[in-house]
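run.txt follows (compact mmCIF, C-alpha atoms and all ligand atoms):
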# COMPACT_ATOMS: atom_id res chain seq x y z
CA MET A 1 -87.97 95.45 13.79
CA ARG A 2 -84.47 94.92 12.43
CA LYS A 3 -83.78 92.21 9.88
CA LYS A 4 -82.51 88.78 10.89
CA ILE A 5 -79.83 87.71 8.44
CA VAL A 6 -77.70 84.64 7.82
CA ALA A 7 -75.00 85.02 5.16
CA GLY A 8 -72.74 82.28 3.84
CA ASN A 9 -69.27 83.42 2.80
CA TRP A 10 -67.92 80.64 0.60
CA LYS A 11 -64.49 82.32 0.36
CA MET A 12 -62.23 80.80 -2.35
CA ASN A 13 -63.90 77.38 -2.30
CA LYS A 14 -65.74 75.16 -4.80
CA THR A 15 -65.26 74.79 -8.51
CA TYR A 16 -68.27 75.60 -10.66
CA SER A 17 -69.28 71.95 -10.90
CA GLU A 18 -69.19 71.66 -7.11
CA ALA A 19 -70.81 75.00 -6.42
CA VAL A 20 -73.98 74.57 -8.48
CA PRO A 21 -75.15 71.33 -6.77
CA LEU A 22 -74.43 72.89 -3.37
CA LEU A 23 -76.62 75.86 -4.17
CA TYR A 24 -79.42 73.53 -5.34
CA GLU A 25 -79.09 71.49 -2.16
CA VAL A 26 -79.44 74.61 0.00
CA LYS A 27 -82.39 75.75 -2.09
CA ASP A 28 -84.14 72.38 -1.81
CA LEU A 29 -83.67 72.17 1.95
CA LEU A 30 -85.04 75.68 2.39
CA TRP A 31 -87.96 74.89 0.15
CA LYS A 32 -88.93 71.85 2.24
CA SER A 33 -89.47 73.75 5.48
CA LYS A 34 -91.26 76.88 6.56
CA LYS A 35 -88.76 77.34 9.38
CA GLY A 36 -86.42 80.22 8.67
CA GLU A 37 -88.65 81.61 5.92
CA SER A 38 -88.53 85.14 7.30
CA VAL A 39 -84.72 85.16 7.68
CA ILE A 40 -82.81 87.05 4.99
CA LYS A 41 -80.43 84.53 3.43
CA ILE A 42 -77.40 85.76 1.54
CA ILE A 43 -75.13 83.45 -0.42
CA ILE A 44 -71.71 84.93 -1.11
CA PRO A 45 -69.91 82.69 -3.60
CA PRO A 46 -66.78 83.48 -5.61
CA SER A 47 -67.72 86.39 -7.90
CA LEU A 48 -67.55 84.25 -11.05
CA TYR A 49 -70.75 82.50 -9.95
CA ILE A 50 -72.84 85.51 -8.93
CA HIS A 51 -74.78 85.74 -12.17
CA ASP A 52 -75.71 82.05 -12.27
CA PHE A 53 -76.60 82.03 -8.58
CA TYR A 54 -78.76 85.08 -9.07
CA GLU A 55 -80.59 83.44 -11.98
CA THR A 56 -81.09 80.26 -9.96
CA THR A 57 -82.51 82.01 -6.91
CA LYS A 58 -84.31 85.01 -8.36
CA GLY A 59 -87.94 85.22 -7.36
CA LEU A 60 -87.33 83.18 -4.19
CA LYS A 61 -88.35 85.05 -1.09
CA ASN A 62 -85.61 86.42 1.14
CA ILE A 63 -82.66 84.96 -0.78
CA PHE A 64 -79.98 87.28 -2.09
CA ILE A 65 -76.55 86.92 -3.65
CA GLY A 66 -73.47 88.86 -2.60
CA ALA A 67 -69.84 89.45 -3.56
CA GLN A 68 -66.83 88.92 -1.30
CA ASN A 69 -65.09 92.12 -2.31
CA CYS A 70 -65.18 94.99 -4.79
CA SER A 71 -62.85 97.68 -6.05
CA TYR A 72 -62.99 101.19 -4.68
CA GLU A 73 -62.49 102.45 -8.22
CA GLU A 74 -65.39 103.05 -10.59
CA SER A 75 -63.81 101.41 -13.69
CA GLY A 76 -60.65 101.47 -15.78
CA ALA A 77 -57.18 99.96 -15.93
CA PHE A 78 -57.22 97.94 -12.70
CA THR A 79 -56.42 94.44 -13.93
CA GLY A 80 -58.08 91.70 -11.92
CA GLU A 81 -60.47 93.97 -10.02
CA ILE A 82 -64.28 93.81 -10.00
CA SER A 83 -66.36 96.95 -9.71
CA ALA A 84 -69.53 97.62 -7.73
CA SER A 85 -71.44 98.39 -10.93
CA MET A 86 -70.41 94.99 -12.36
CA ILE A 87 -71.62 93.21 -9.24
CA LYS A 88 -74.91 95.06 -9.47
CA SER A 89 -75.23 94.29 -13.19
CA VAL A 90 -75.09 90.50 -12.63
CA GLY A 91 -77.63 90.47 -9.81
CA GLY A 92 -75.54 90.95 -6.65
CA SER A 93 -77.25 92.77 -3.79
CA TYR A 94 -74.66 92.70 -0.98
CA VAL A 95 -70.88 93.14 -0.81
CA LEU A 96 -68.60 92.01 2.00
CA ILE A 97 -66.28 94.84 2.90
CA GLY A 98 -63.31 94.64 5.24
CA HIS A 99 -63.27 90.92 5.89
CA SER A 100 -60.29 90.20 8.13
CA GLU A 101 -58.69 88.09 5.39
CA ARG A 102 -58.78 91.13 3.09
CA ARG A 103 -57.44 93.36 5.86
CA SER A 104 -54.57 91.03 6.73
CA TYR A 105 -53.52 89.34 3.45
CA PHE A 106 -54.30 92.25 1.11
CA LYS A 107 -53.44 95.00 3.58
CA GLU A 108 -56.74 96.84 3.12
CA THR A 109 -56.86 99.94 5.29
CA ASN A 110 -59.80 101.65 6.98
CA GLU A 111 -59.44 104.48 4.44
CA GLU A 112 -59.71 102.08 1.47
CA LEU A 113 -62.65 100.33 3.10
CA LYS A 114 -64.36 103.69 3.48
CA ARG A 115 -64.03 104.17 -0.29
CA LYS A 116 -65.35 100.66 -0.94
CA THR A 117 -68.33 101.37 1.31
CA ASP A 118 -69.07 104.59 -0.57
CA ILE A 119 -68.88 103.06 -4.03
CA THR A 120 -70.98 100.07 -2.99
CA LEU A 121 -73.71 102.35 -1.68
CA ALA A 122 -73.49 104.60 -4.75
CA HIS A 123 -74.42 101.58 -6.88
CA GLY A 124 -77.37 100.55 -4.75
CA LEU A 125 -75.63 97.62 -3.08
CA HIS A 126 -75.66 96.85 0.65
CA PRO A 127 -72.26 96.64 2.34
CA ILE A 128 -71.78 93.92 4.93
CA PHE A 129 -69.04 95.68 6.81
CA CYS A 130 -66.77 93.37 8.81
CA VAL A 131 -65.03 94.38 12.01
CA GLY A 132 -63.11 92.43 14.62
CA GLU A 133 -60.00 92.33 16.74
CA SER A 134 -56.97 90.03 16.62
CA LYS A 135 -56.08 87.64 19.45
CA ASP A 136 -53.40 90.06 20.70
CA LYS A 137 -55.82 92.95 20.90
CA ARG A 138 -58.38 90.81 22.73
CA GLU A 139 -55.72 89.69 25.21
CA SER A 140 -54.51 93.24 25.81
CA GLY A 141 -58.09 94.40 26.39
CA GLU A 142 -58.10 96.70 23.35
CA HIS A 143 -60.87 94.88 21.44
CA PHE A 144 -63.49 97.58 21.92
CA LYS A 145 -61.04 100.27 20.83
CA VAL A 146 -60.07 98.38 17.65
CA VAL A 147 -63.65 97.82 16.55
CA GLU A 148 -64.51 101.41 17.41
CA SER A 149 -61.81 102.78 15.13
CA GLN A 150 -62.74 100.41 12.28
CA ILE A 151 -66.31 101.72 12.42
CA ASN A 152 -65.36 105.33 13.02
CA GLU A 153 -62.86 105.52 10.17
CA SER A 154 -64.84 103.63 7.52
CA LEU A 155 -68.53 104.16 8.28
CA PHE A 156 -69.26 107.17 10.44
CA HIS A 157 -68.84 109.68 7.63
CA LEU A 158 -72.06 108.30 6.10
CA GLN A 159 -75.31 110.24 6.09
CA PRO A 160 -78.02 108.43 8.09
CA GLY A 161 -79.90 107.51 4.90
CA ASN A 162 -76.87 105.55 3.68
CA PHE A 163 -75.80 104.17 7.04
CA LYS A 164 -79.23 102.55 7.22
CA LYS A 165 -78.31 100.30 4.27
CA VAL A 166 -75.22 98.89 5.99
CA VAL A 167 -75.11 95.53 7.76
CA ILE A 168 -72.31 95.10 10.30
CA ALA A 169 -70.59 91.77 10.95
CA TYR A 170 -68.52 91.28 14.08
CA GLU A 171 -65.92 88.63 13.33
CA PRO A 172 -63.20 88.30 15.97
CA VAL A 173 -60.10 87.29 13.97
CA TRP A 174 -59.15 84.65 16.55
CA ALA A 175 -62.49 82.90 16.00
CA ILE A 176 -62.37 82.68 12.19
CA GLY A 177 -61.77 79.15 11.00
CA THR A 178 -60.25 78.14 14.33
CA GLY A 179 -63.12 76.39 16.08
CA LEU A 180 -62.74 78.96 18.87
CA THR A 181 -66.18 80.54 18.81
CA ALA A 182 -66.72 83.67 20.89
CA THR A 183 -68.90 82.89 23.88
CA SER A 184 -72.39 84.31 23.75
CA THR A 185 -71.33 86.72 26.51
CA GLN A 186 -68.38 87.98 24.45
CA ALA A 187 -70.52 88.31 21.33
CA GLN A 188 -73.39 90.08 23.11
CA GLU A 189 -70.99 92.47 24.86
CA MET A 190 -69.34 93.53 21.57
CA HIS A 191 -72.62 93.72 19.64
CA HIS A 192 -74.09 95.88 22.37
CA HIS A 193 -71.01 98.08 22.26
CA ILE A 194 -71.32 98.49 18.48
CA ARG A 195 -75.00 99.34 18.83
CA SER A 196 -74.23 102.00 21.43
CA LEU A 197 -71.61 103.56 19.15
CA ILE A 198 -74.27 103.79 16.43
CA GLU A 199 -76.74 105.25 18.89
CA ASP A 200 -74.25 107.94 19.95
CA LYS A 201 -73.63 108.87 16.32
CA TYR A 202 -77.03 108.44 14.66
CA GLY A 203 -79.55 108.12 17.47
CA ARG A 204 -81.57 105.32 18.96
CA ILE A 205 -83.91 104.57 16.06
CA LEU A 206 -81.14 103.90 13.56
CA ALA A 207 -79.16 101.93 16.14
CA GLU A 208 -82.16 99.71 16.79
CA GLU A 209 -82.66 99.17 13.05
CA THR A 210 -79.07 98.11 12.28
CA SER A 211 -78.51 94.38 11.87
CA ILE A 212 -75.29 93.18 13.51
CA LEU A 213 -74.17 89.66 12.59
CA TYR A 214 -71.72 87.41 14.39
CA GLY A 215 -69.07 85.44 12.48
CA GLY A 216 -66.26 83.11 13.52
CA SER A 217 -66.65 79.34 13.91
CA CYS A 218 -70.41 79.65 14.07
CA ASN A 219 -72.00 76.29 13.33
CA GLU A 220 -75.26 74.39 13.65
CA LYS A 221 -74.40 73.45 17.25
CA ASN A 222 -73.63 76.88 18.69
CA ALA A 223 -75.80 79.09 16.47
CA ALA A 224 -78.95 78.97 18.61
CA GLU A 225 -77.13 80.18 21.72
CA LEU A 226 -75.42 83.02 19.84
CA PHE A 227 -78.60 84.05 18.02
CA ALA A 228 -80.52 84.14 21.31
CA CYS A 229 -78.43 87.18 22.39
CA PRO A 230 -80.53 90.34 22.16
CA ASP A 231 -78.01 92.24 20.01
CA VAL A 232 -76.99 89.36 17.71
CA ASP A 233 -79.16 89.56 14.60
CA GLY A 234 -77.79 86.56 12.73
CA GLY A 235 -74.52 85.21 11.42
CA LEU A 236 -71.82 85.45 8.79
CA ILE A 237 -70.85 81.84 8.23
CA GLY A 238 -67.67 80.53 6.61
CA GLY A 239 -66.86 76.81 6.78
CA ALA A 240 -70.35 75.67 7.80
CA SER A 241 -71.91 77.47 4.82
CA LEU A 242 -70.18 74.94 2.53
CA LYS A 243 -72.38 72.14 3.88
CA ALA A 244 -76.00 72.55 2.86
CA LYS A 245 -77.59 70.79 5.84
CA GLU A 246 -75.47 72.64 8.40
CA PHE A 247 -76.02 75.99 6.75
CA VAL A 248 -79.79 75.52 6.66
CA GLU A 249 -79.80 74.40 10.30
CA ILE A 250 -77.97 77.61 11.19
CA ILE A 251 -80.63 79.63 9.33
CA GLN A 252 -83.31 77.74 11.21
CA ALA A 253 -81.61 78.50 14.54
CA ILE A 254 -82.72 82.13 14.28
CA PRO A 255 -85.44 82.60 16.91
CA GLN A 256 -88.83 82.79 15.20
P1 LIG B 301 -65.69 80.40 9.76
O1 LIG B 301 -67.18 80.27 9.97
O2 LIG B 301 -65.13 79.33 8.89
O3 LIG B 301 -64.97 80.56 11.06
O4 LIG B 301 -65.46 81.76 8.95
C1 LIG B 301 -66.11 82.91 9.35
C2 LIG B 301 -65.93 83.94 8.31
O5 LIG B 301 -64.82 84.39 8.07
C3 LIG B 301 -67.11 84.37 7.54
O6 LIG B 301 -66.85 85.50 6.81
Starting from the coordinates I provided, produce the structure as structure tokens.
Amino acid sequence: MRKKIVAGNWKMNKTYSEAVPLLYEVKDLLWKSKKGESVIKIIIPPSLYIHDFYETTKGLKNIFIGAQNCSYEESGAFTGEISASMIKSVGGSYVLIGHSERRSYFKETNEELKRKTDITLAHGLHPIFCVGESKDKRESGEHFKVVESQINESLFHLQPGNFKKVVIAYEPVWAIGTGLTATSTQAQEMHHHIRSLIEDKYGRILAEETSILYGGSCNEKNAAELFACPDVDGGLIGGASLKAKEFVEIIQAIPQ
């Protein structure tokens, strides 16, 4: 059975003195209840905090720490960049690749994201590869095509053994931070489409094993309905992951 995952992308939020208590709050709430125990929980704070967060959570079942980005270069004179091997060396397990904010503000291309995927995998990290269409593309009916090319150009060169380590996150750009959540029908339809693309490329077994997360204004009120969709395997949460109680409620909305 494929893994159920809830990941919290903190983006560029929280100073260190705000971040540490929030992590402890999440940890305490999780500790208090058995509900959601089997869900893989990934906290993705600003990279500066990865090491501390790893030390604070290590040994706890099903909790992992991730990075929001990494360089496609191995090492060297790339001021300001963070490499996959550095992320690994401080305890990171997952890396977000191709978040729409990276694609739009930092102009990351499918080709660059392919290189980031490769380097992440080469260092034993799991990419959480983000895909999703803009409002315009949704309105012109090109949403399936957009997501298809993002996956095709950045992931489908992988050998099955590596593809297996990838988590996919469908985050429609128009739903991120807007309060406009995709309906469960829209989410299921796209997740099913993604799974069929994987099946065509790698076969049914791998397609059935790939976790596909939904992201975009997912909160404690709408999570249960989204997570009840057969092809939605969890969520990538932005704003609601910055509130411990809401984030834990989202984790607990995964069907047991
Ligand atoms: P929101 O949950 O704030 O819409 O953000 C989603 C997201 O971008 C997670 O990566």
Q: Excluding stretch 164-167 of chain A and residues on its chain fewer than 4 positions from it, collect all residues at most 9 Å away from it, counting only C-alpha atoms, and give them as a ChimeraX atom specification.
A: /A:117,121,125-130,155,159-160,206-207,209-213
Select, counting all atoms listed in the file, all protein, DNA and RNA residues no farther than 8 Å from (-90.9, 80.0, 0.8) in file coordinates, and express the selection as a short mmCIF file (atom, residue, chain, number, x, y, z; two decimals) with C-alpha atoms, in the frame of the given file.
data_model
loop_
_atom_site.label_atom_id
_atom_site.label_comp_id
_atom_site.auth_asym_id
_atom_site.auth_seq_id
_atom_site.Cartn_x
_atom_site.Cartn_y
_atom_site.Cartn_z
CA LEU A 30 -85.04 75.68 2.39
CA TRP A 31 -87.96 74.89 0.15
CA SER A 33 -89.47 73.75 5.48
CA LYS A 34 -91.26 76.88 6.56
CA GLU A 37 -88.65 81.61 5.92
CA LEU A 60 -87.33 83.18 -4.19
CA LYS A 61 -88.35 85.05 -1.09
#
Q: Using all atoms listed in the file, find each protein or nucleic acid residue lying at most 7 Å from ligand LIG 301 (chain B); present the set as number ranges by chain.
A: A: 9, 99, 171, 175-179, 215-218, 236-240
Restricting it to C-alpha atoms, dump the selection as a PDB file, in the coordinates of the input.
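Output saved as selection-v2.pdb:
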ATOM      1  CA  ASN A   9     -69.270  83.420   2.800  1.00  0.00           C
ATOM      2  CA  HIS A  99     -63.270  90.920   5.890  1.00  0.00           C
ATOM      3  CA  GLU A 171     -65.920  88.630  13.330  1.00  0.00           C
ATOM      4  CA  ALA A 175     -62.490  82.900  16.000  1.00  0.00           C
ATOM      5  CA  ILE A 176     -62.370  82.680  12.190  1.00  0.00           C
ATOM      6  CA  GLY A 177     -61.770  79.150  11.000  1.00  0.00           C
ATOM      7  CA  THR A 178     -60.250  78.140  14.330  1.00  0.00           C
ATOM      8  CA  GLY A 179     -63.120  76.390  16.080  1.00  0.00           C
ATOM      9  CA  GLY A 215     -69.070  85.440  12.480  1.00  0.00           C
ATOM     10  CA  GLY A 216     -66.260  83.110  13.520  1.00  0.00           C
ATOM     11  CA  SER A 217     -66.650  79.340  13.910  1.00  0.00           C
ATOM     12  CA  CYS A 218     -70.410  79.650  14.070  1.00  0.00           C
ATOM     13  CA  LEU A 236     -71.820  85.450   8.790  1.00  0.00           C
ATOM     14  CA  ILE A 237     -70.850  81.840   8.230  1.00  0.00           C
ATOM     15  CA  GLY A 238     -67.670  80.530   6.610  1.00  0.00           C
ATOM     16  CA  GLY A 239     -66.860  76.810   6.780  1.00  0.00           C
ATOM     17  CA  ALA A 240     -70.350  75.670   7.800  1.00  0.00           C
TER      18      ALA A 240
END
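Going from atom CA of A:Ile63 over to atom CA of A:Gln256, you cover 17.3 Å.
Picture a line from atom CA of A:Gly132 to atom CA of A:Leu180; it runs 14.1 Å.
Atom CA of A:Ala67 lies 22.3 Å from atom CA of A:Glu153.
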(Q) So that I can see what lies close to A:Gly124, please list as an NGL selection string the residues with an atom at most 10 Å from it, counting only C-alpha atoms and leaving out residues fewer than 6 positions away in the same chain. (A) :A and (84-85 or 88 or 92-94 or 162 or 165)
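Neighbours of A:Leu197 closer than or equal to 10 Å, with only C-alpha atoms counted and sequence neighbours fewer than 6 positions away skipped, come out as A:Glu148, A:Ile151, A:Asn152, A:Phe156, A:His191, A:Gly203, A:Ala207.
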